[in-house]
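Asks: The structure follows.
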Amino acid sequence: MTSSNPWSLTISEAHRLLASKQLSAVELTESVIERIKDTDSKINSFITITEESALESAASADSIISKGEGSLLTGIPFQAKDNICTAGIATTCASKMLENFRPNYDATAITKLKSAGAVLLGKGNLDEFAMGSSTENSVFFPTKNPHDLNTVPGGSSGGPAASVSAEQCLFSIGSDTGGSVRQPASFCGVVGLKPTYGRVSRYGLVAFASSLDQIGPLTKNVEDSAFVLEAISGNDPKDSTSNTENVPSYGKDLNGDIKGLKVGVPKEYFVDELDSEVARTVRSSIKILEELGAEISEVSLPHTSHALAVYYIIAPAEASSNLSRYDGVKFGYSHSDSTDIWDALEKTRQYGFGAEVKRRILLGTYALSSGYYDAYYLKAQKVRSLIRQDFVNVFKDVDILIAPSTPTVAFPLGEKISDPVQMYLNDIFTIPANIAGIPAISIPAGLIKNMPIGVQFMGSHHSETMLLKAAYAYEKSANHGFLKPSI
Amino acid sequence: MKLSNDEVKHIASLAKIGMTEEELEVIGAQLSQILEQFKSLSTLDTENVETTAHPTSINTVLRNDEITNPKATEDMLDNVPRKEHGFVRVRPVLE
């Protein structure tokens, strides 16, 4: 055993101790479960805790390690967002609609993590069906930001971000449709990565907006992000949109050397909505990259200001189609108090979905409806091409882009929940990467009045290796270490 | 643009979501406010712009139609709210 608490380890630290038998996987999992019990009554990051099966997985990890086998993730405990299917374990999407839903299969990302020997601790809270930016739209309870229990953790992957921040797990996986991994990562002071669209299989990720959804890791540092990404990436015959490119060893190239790296600063991201303190933090991050030998230049992505509108047409349109499957017949909540099939259908959806989900389904239905399709959906798809082209053009000149992750630090609980437009504005800096399908990572950049803030790096399709290399160099040089909350 | 109550009712019926009069009122106002934000798109000339439905190029992926999980029917029925003799039970569709 080590003198410090095993729950406070990073993946690579824990791996070293496990491999050298100074720590057992069962001891590590017990320590993490203890930590969850100590802290989760305050934070509420878990919807389900799978203590018994976690300890069983940890015991089998120990027997694998004792044979000198296993991977970097063998015996490492993690949380999965509760919209990622886990066989035999409730997968609720934080919705009444799926409160009692137990899938009989694992999502591919879960299958891959399990076969790498990682230990599933339970399921993380989220905004219902991943729709929201604060985790206040969960039907169960809001999750609190470990750095200040009166503020939101961000969303929709609020549970996964808060659990890594509060060290209730060594890593988590979330999903990012418009910033749902990166925005809470920024708010909670952890590393959040949205891979290239199709890099990680969407099989078993409950569909929200299929042309935007992507699973990504939340971790204590950049190196761990690379390890988890490598484990969950790869082509999957069960997801026809998953990429066929080989999975490189993402962690191999992290050496801190980014001399000559061309870094673009998109001027359209420094807008009025950006808090001045956050702007200052991003500016000092740019300076750090410059000191590391990167070549900084200002660039332009002229259609950025239209990204929010494009997103809030395309994502709800796709959601309205995807969520039509919840009819109370095949699975999920079913309104029992009616005899007529149409009445049953309407009541199932009336009582099964929460306010934000209904709002988005209606918005999407409207954008796709006869008479409005051309003005909204078709127009949004065309402007999507313009936004995507902006990135293609800019990546001819620079290797990566640096931008804010979020316009502000975490806001107080309750502040924006009744004003959807204000809530949507949280995603202005994260949405463009989803629209273009490019990878992007939020890395902690420091604290503003004791609250964490992230900085975002974006790269062209399949540039994760370079993105992680740059993020690693930045993290080392920024040198503020893991931003531990005082919980 | 302001959505009328009838328009909201129509959308809700297309989406098969039941709504009370009060909900219609609230959501109508919110949707109108959100649609207001989309106005900027109409200022862009997209006459000769192709649409993007997917962010990366995707191809049709085919596989043989083989049974890989013979227990699937049984498994799937686990989550069915109303079932009888291995069938999914639905309410009458025809009067």
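Lettering and numbering for the structure tokens are positional, with chains as A, B, ... in the shown order, residues counted from 1 in each chain, and ligands counted from 1 in the shown order.
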Within 9 Å of B:Leu14, counting only C-alpha atoms, which residues qualify if same-chain residues fewer than 4 places away don't, as a list in words?
Replies: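 With the cut-off at 9 Å, the set is Leu362, Thr365, Tyr366 and Ser369 of chain A; Lys9 and His10 of chain B.
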Asks: Print the selection's residues with N, CA and C atoms to a file, as a tab-separated table (two decimals), in the first residue's frame.
Replies:
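Final output, part-v4.tsv:
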chain	number	residue	atom	x	y	z
A	362	LEU	N	-40.24	19.20	-29.80
A	362	LEU	CA	-41.17	20.09	-30.50
A	362	LEU	C	-40.42	21.02	-31.45
A	365	THR	N	-39.40	18.91	-34.38
A	365	THR	CA	-40.57	18.55	-35.19
A	365	THR	C	-40.99	19.75	-36.04
A	366	TYR	N	-40.94	20.92	-35.44
A	366	TYR	CA	-41.29	22.15	-36.16
A	366	TYR	C	-40.33	22.38	-37.32
A	369	SER	N	-41.12	20.14	-40.14
A	369	SER	CA	-42.50	20.01	-40.59
A	369	SER	C	-42.72	20.72	-41.92
B	9	LYS	N	-50.05	23.44	-30.82
B	9	LYS	CA	-50.91	22.25	-30.69
B	9	LYS	C	-50.65	21.29	-31.85
B	10	HIS	N	-50.55	21.86	-33.05
B	10	HIS	CA	-50.31	21.05	-34.25
B	10	HIS	C	-48.95	20.32	-34.15
Asks: Which chain A residues have any atom within 6 Å of an atom of chain B, and for each, what is the nearest pair of atoms with distance in Å to one decimal, counting only C-alpha atoms, rows sorted by chain and number, as CSV?
Replies:
residue,atom,partner,partner_atom,distance
A:Ser211,CA,B:His54,CA,5.5
A:Ser240,CA,B:Val61,CA,5.8
A:Ala309,CA,B:Phe38,CA,5.1
A:Lys330,CA,B:Val80,CA,4.9
A:Phe331,CA,B:Val80,CA,4.7
A:Ile341,CA,B:Arg91,CA,5.3
A:Glu346,CA,B:Ile17,CA,4.6
A:Lys347,CA,B:Gly18,CA,5.6
A:Arg349,CA,B:Ile17,CA,5.3
A:Gln350,CA,B:Gly18,CA,5.0
A:Gln381,CA,B:Thr51,CA,4.9
A:Lys382,CA,B:Thr51,CA,4.3
A:Ser385,CA,B:Thr52,CA,5.3
A:Ala436,CA,B:Pro55,CA,5.4
A:Gly437,CA,B:Pro55,CA,4.9
Asks: Please identify the alpha helix (DSSP H) residues within stretch 304-339 of chain A (assignment by DSSP from backbone atoms) and present them as a compact mmCIF listing (two decimals) with C-alpha atoms, in the first residue's frame.
Replies:
# COMPACT_ATOMS: atom_id res chain seq x y z
CA ALA A 307 -23.07 27.70 -35.23
CA LEU A 308 -25.47 27.97 -32.30
CA ALA A 309 -28.51 28.39 -34.57
CA VAL A 310 -27.37 25.52 -36.82
CA TYR A 311 -26.91 23.27 -33.81
CA TYR A 312 -30.27 24.11 -32.22
CA ILE A 313 -32.00 23.19 -35.48
CA ILE A 314 -30.05 20.06 -36.44
CA ALA A 315 -29.72 18.48 -32.97
CA PRO A 316 -33.44 18.83 -32.06
CA ALA A 317 -34.45 17.68 -35.57
CA GLU A 318 -32.40 14.50 -35.20
CA ALA A 319 -33.59 14.10 -31.60
CA SER A 320 -37.25 14.38 -32.62
CA SER A 321 -36.68 11.43 -34.95
CA ASN A 322 -34.51 9.39 -32.56
Asks: When you draw a straight line from atom CA of B:Glu22 to atom CA of A:Ala355, how long is it in Å?
Replies: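 If I compute the distance from atom CA of B:Glu22 to atom CA of A:Ala355, I get 12.7 Å.
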Asks: What separation in Å, quoted to one decimal, exists between atom CA of A:Gly481 and atom CA of A:Arg199?
Replies: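 Straight-line distance from atom CA of A:Gly481 to atom CA of A:Arg199 works out to 28.6 Å.
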Asks: Just list the residues in chain B DSSP gives strand (DSSP E) on the backbone, as an mmCIF file with N, CA and C atoms, in the first residue's frame.
Replies:
data_model
loop_
_atom_site.group_PDB
_atom_site.id
_atom_site.type_symbol
_atom_site.label_atom_id
_atom_site.label_comp_id
_atom_site.auth_asym_id
_atom_site.auth_seq_id
_atom_site.Cartn_x
_atom_site.Cartn_y
_atom_site.Cartn_z
ATOM 1 N N LYS B 83 -46.895 -7.795 -22.284
ATOM 2 C CA LYS B 83 -46.623 -8.907 -23.202
ATOM 3 C C LYS B 83 -47.496 -10.098 -22.846
ATOM 4 N N GLU B 84 -47.655 -10.984 -23.829
ATOM 5 C CA GLU B 84 -48.450 -12.184 -23.601
ATOM 6 C C GLU B 84 -47.960 -13.283 -24.522
ATOM 7 N N PHE B 87 -45.493 -12.455 -27.109
ATOM 8 C CA PHE B 87 -45.834 -11.369 -28.022
ATOM 9 C C PHE B 87 -45.892 -10.044 -27.267
ATOM 10 N N VAL B 88 -45.673 -8.963 -28.026
ATOM 11 C CA VAL B 88 -45.848 -7.634 -27.458
ATOM 12 C C VAL B 88 -47.328 -7.291 -27.547
#
Asks: As a VMD selection string, please: the residues near A:Glu295 (cut-off 6 Å, only C-alpha atoms, same-chain neighbours under 6 positions excluded).
Replies: chain A and resid 260 to 263
Asks: List the spatial neighbours of stretch 415-419 of chain A as a VMD selection string - criterion: any atom at most 10 Å away, only C-alpha atoms, same-chain residues fewer than 2 positions off excluded.
Replies: (chain A and resid 132 to 137 151 to 152 356 411 to 413 421 to 424) or (chain B and resid 30 33)
Asks: Could you pull the residues within 9 Å of A:Asp257, counting only C-alpha atoms, minus those fewer than 6 positions along the same chain, as a list in words?
Replies: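 Using only C-alpha atoms, the neighbours found are Leu292, Gly293, Lys469, Ala470 and Ala473 of chain A.
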Asks: Mind dumping the selected residues with C-alpha atoms as a compact mmCIF listing (two decimals), in the first residue's frame?
Replies:
# COMPACT_ATOMS: atom_id res chain seq x y z
CA LEU A 292 7.12 26.41 -25.71
CA GLY A 293 8.10 27.37 -29.23
CA LYS A 469 0.67 16.09 -27.66
CA ALA A 470 -0.07 19.83 -27.60
CA ALA A 473 2.94 20.07 -23.38
Asks: Show me, as a PyMOL selection string, the residues that have an atom within 12 Å of A:Asp224 when counting only C-alpha atoms, minus same-chain residues fewer than 5 positions from it.
Replies: chain A and resi 9-15+72-73+76+164+170-173+190-193+217-219+229-231+250-252+254+468+471-472
Asks: Near A:Ala94, counting only C-alpha atoms, which residues have an atom at most 12 Å away, once you skip same-chain residues fewer than 5 positions from it, shown as a ChimeraX atom specification?
Replies: /A:45-48,81-84,99-101,123-132,135-143,156-159,206,352-354,357
Asks: Would you export the selected residues with N, CA and C atoms as a CSV table (one decimal), in the first residue's frame, please?
Replies:
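Output contents, as saved in selection_30.csv:
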chain,number,residue,atom,x,y,z
A,45,SER,N,-23.1,12.6,-7.9
A,45,SER,CA,-22.7,12.4,-9.3
A,45,SER,C,-23.2,11.0,-9.8
A,46,PHE,N,-23.5,10.1,-8.9
A,46,PHE,CA,-23.9,8.7,-9.3
A,46,PHE,C,-25.4,8.5,-9.3
A,47,ILE,N,-26.0,7.9,-10.3
A,47,ILE,CA,-27.4,7.5,-10.3
A,47,ILE,C,-27.4,6.1,-9.7
A,48,THR,N,-26.5,5.3,-10.2
A,48,THR,CA,-26.4,3.9,-9.7
A,48,THR,C,-25.0,3.5,-9.3
A,81,LYS,N,-21.4,7.5,-18.0
A,81,LYS,CA,-22.6,8.3,-18.1
A,81,LYS,C,-23.8,7.4,-18.3
A,82,ASP,N,-24.9,7.8,-17.7
A,82,ASP,CA,-26.0,6.9,-17.7
A,82,ASP,C,-26.9,6.9,-19.0
A,83,ASN,N,-26.2,7.3,-20.1
A,83,ASN,CA,-26.9,7.1,-21.4
A,83,ASN,C,-26.1,6.1,-22.2
A,84,ILE,N,-25.1,5.4,-21.5
A,84,ILE,CA,-24.3,4.4,-22.2
A,84,ILE,C,-24.7,3.1,-21.7
A,99,GLU,N,-36.5,5.0,-16.6
A,99,GLU,CA,-36.1,4.7,-15.1
A,99,GLU,C,-35.9,3.2,-14.8
A,100,ASN,N,-36.7,2.4,-15.4
A,100,ASN,CA,-36.6,0.9,-15.1
A,100,ASN,C,-36.0,0.1,-16.3
A,101,PHE,N,-35.3,0.8,-17.2
A,101,PHE,CA,-34.7,0.1,-18.4
A,101,PHE,C,-33.4,-0.5,-18.0
A,123,LYS,N,-23.1,4.4,-12.6
A,123,LYS,CA,-23.5,5.2,-13.7
A,123,LYS,C,-23.7,6.7,-13.3
A,124,GLY,N,-23.3,7.6,-14.2
A,124,GLY,CA,-23.2,9.0,-13.8
A,124,GLY,C,-24.4,9.8,-14.2
A,125,ASN,N,-24.7,10.8,-13.4
A,125,ASN,CA,-25.9,11.6,-13.7
A,125,ASN,C,-25.6,12.5,-14.9
A,126,LEU,N,-26.8,12.9,-15.5
A,126,LEU,CA,-26.7,13.8,-16.7
A,126,LEU,C,-28.0,14.5,-16.8
A,127,ASP,N,-28.0,15.5,-17.7
A,127,ASP,CA,-29.3,16.1,-18.1
A,127,ASP,C,-30.1,15.1,-18.9
A,128,GLU,N,-31.4,15.0,-18.7
A,128,GLU,CA,-32.2,14.0,-19.3
A,128,GLU,C,-31.9,13.9,-20.8
A,129,PHE,N,-31.6,12.6,-21.2
A,129,PHE,CA,-31.2,12.3,-22.6
A,129,PHE,C,-30.1,13.2,-23.1
A,130,ALA,N,-29.2,13.6,-22.2
A,130,ALA,CA,-28.1,14.5,-22.6
A,130,ALA,C,-28.4,15.8,-23.1
A,131,MET,N,-29.6,16.3,-22.8
A,131,MET,CA,-30.1,17.6,-23.3
A,131,MET,C,-30.0,18.6,-22.1
A,132,GLY,N,-28.9,19.4,-22.2
A,132,GLY,CA,-28.8,20.5,-21.2
A,132,GLY,C,-27.3,20.8,-20.9
A,135,THR,N,-26.8,19.7,-15.8
A,135,THR,CA,-27.3,18.5,-15.1
A,135,THR,C,-28.5,18.8,-14.2
A,136,GLU,N,-29.1,20.0,-14.3
A,136,GLU,CA,-30.3,20.2,-13.6
A,136,GLU,C,-31.5,19.6,-14.2
A,137,ASN,N,-31.4,19.1,-15.5
A,137,ASN,CA,-32.5,18.5,-16.1
A,137,ASN,C,-32.6,17.0,-15.8
A,138,SER,N,-31.8,16.5,-14.9
A,138,SER,CA,-31.9,15.1,-14.5
A,138,SER,C,-33.3,14.9,-13.7
A,139,VAL,N,-34.0,13.8,-14.0
A,139,VAL,CA,-35.2,13.6,-13.3
A,139,VAL,C,-35.0,13.2,-11.8
A,140,PHE,N,-33.8,12.8,-11.5
A,140,PHE,CA,-33.5,12.3,-10.2
A,140,PHE,C,-33.1,13.4,-9.2
A,141,PHE,N,-32.0,14.1,-9.6
A,141,PHE,CA,-31.4,15.2,-8.7
A,141,PHE,C,-30.4,15.9,-9.5
A,142,PRO,N,-30.1,17.2,-9.1
A,142,PRO,CA,-29.0,17.9,-9.8
A,142,PRO,C,-27.7,17.4,-9.2
A,143,THR,N,-26.6,17.4,-10.0
A,143,THR,CA,-25.3,17.1,-9.5
A,143,THR,C,-24.7,18.5,-9.1
A,156,SER,N,-24.0,18.1,-20.6
A,156,SER,CA,-24.8,17.2,-19.9
A,156,SER,C,-24.1,16.1,-19.1
A,157,SER,N,-22.7,16.0,-19.3
A,157,SER,CA,-22.0,14.9,-18.6
A,157,SER,C,-21.6,15.5,-17.2
A,158,GLY,N,-22.5,16.0,-16.4
A,158,GLY,CA,-22.2,16.6,-15.1
A,158,GLY,C,-21.7,15.6,-14.1
A,159,GLY,N,-22.4,14.4,-14.1
A,159,GLY,CA,-22.0,13.3,-13.2
A,159,GLY,C,-20.5,12.9,-13.5
A,206,VAL,N,-27.2,5.8,-26.1
A,206,VAL,CA,-28.6,6.1,-26.4
A,206,VAL,C,-28.6,7.4,-27.3
A,352,GLY,N,-43.6,10.8,-19.5
A,352,GLY,CA,-42.3,10.2,-19.5
A,352,GLY,C,-41.2,11.1,-19.8
A,353,PHE,N,-41.4,12.2,-20.5
A,353,PHE,CA,-40.3,13.1,-20.8
A,353,PHE,C,-40.4,14.4,-20.0
A,354,GLY,N,-39.3,14.9,-19.6
A,354,GLY,CA,-39.2,16.2,-18.9
A,354,GLY,C,-39.3,17.4,-19.9
A,357,VAL,N,-36.6,18.0,-22.8
A,357,VAL,CA,-36.7,17.0,-23.8
A,357,VAL,C,-37.9,17.3,-24.7
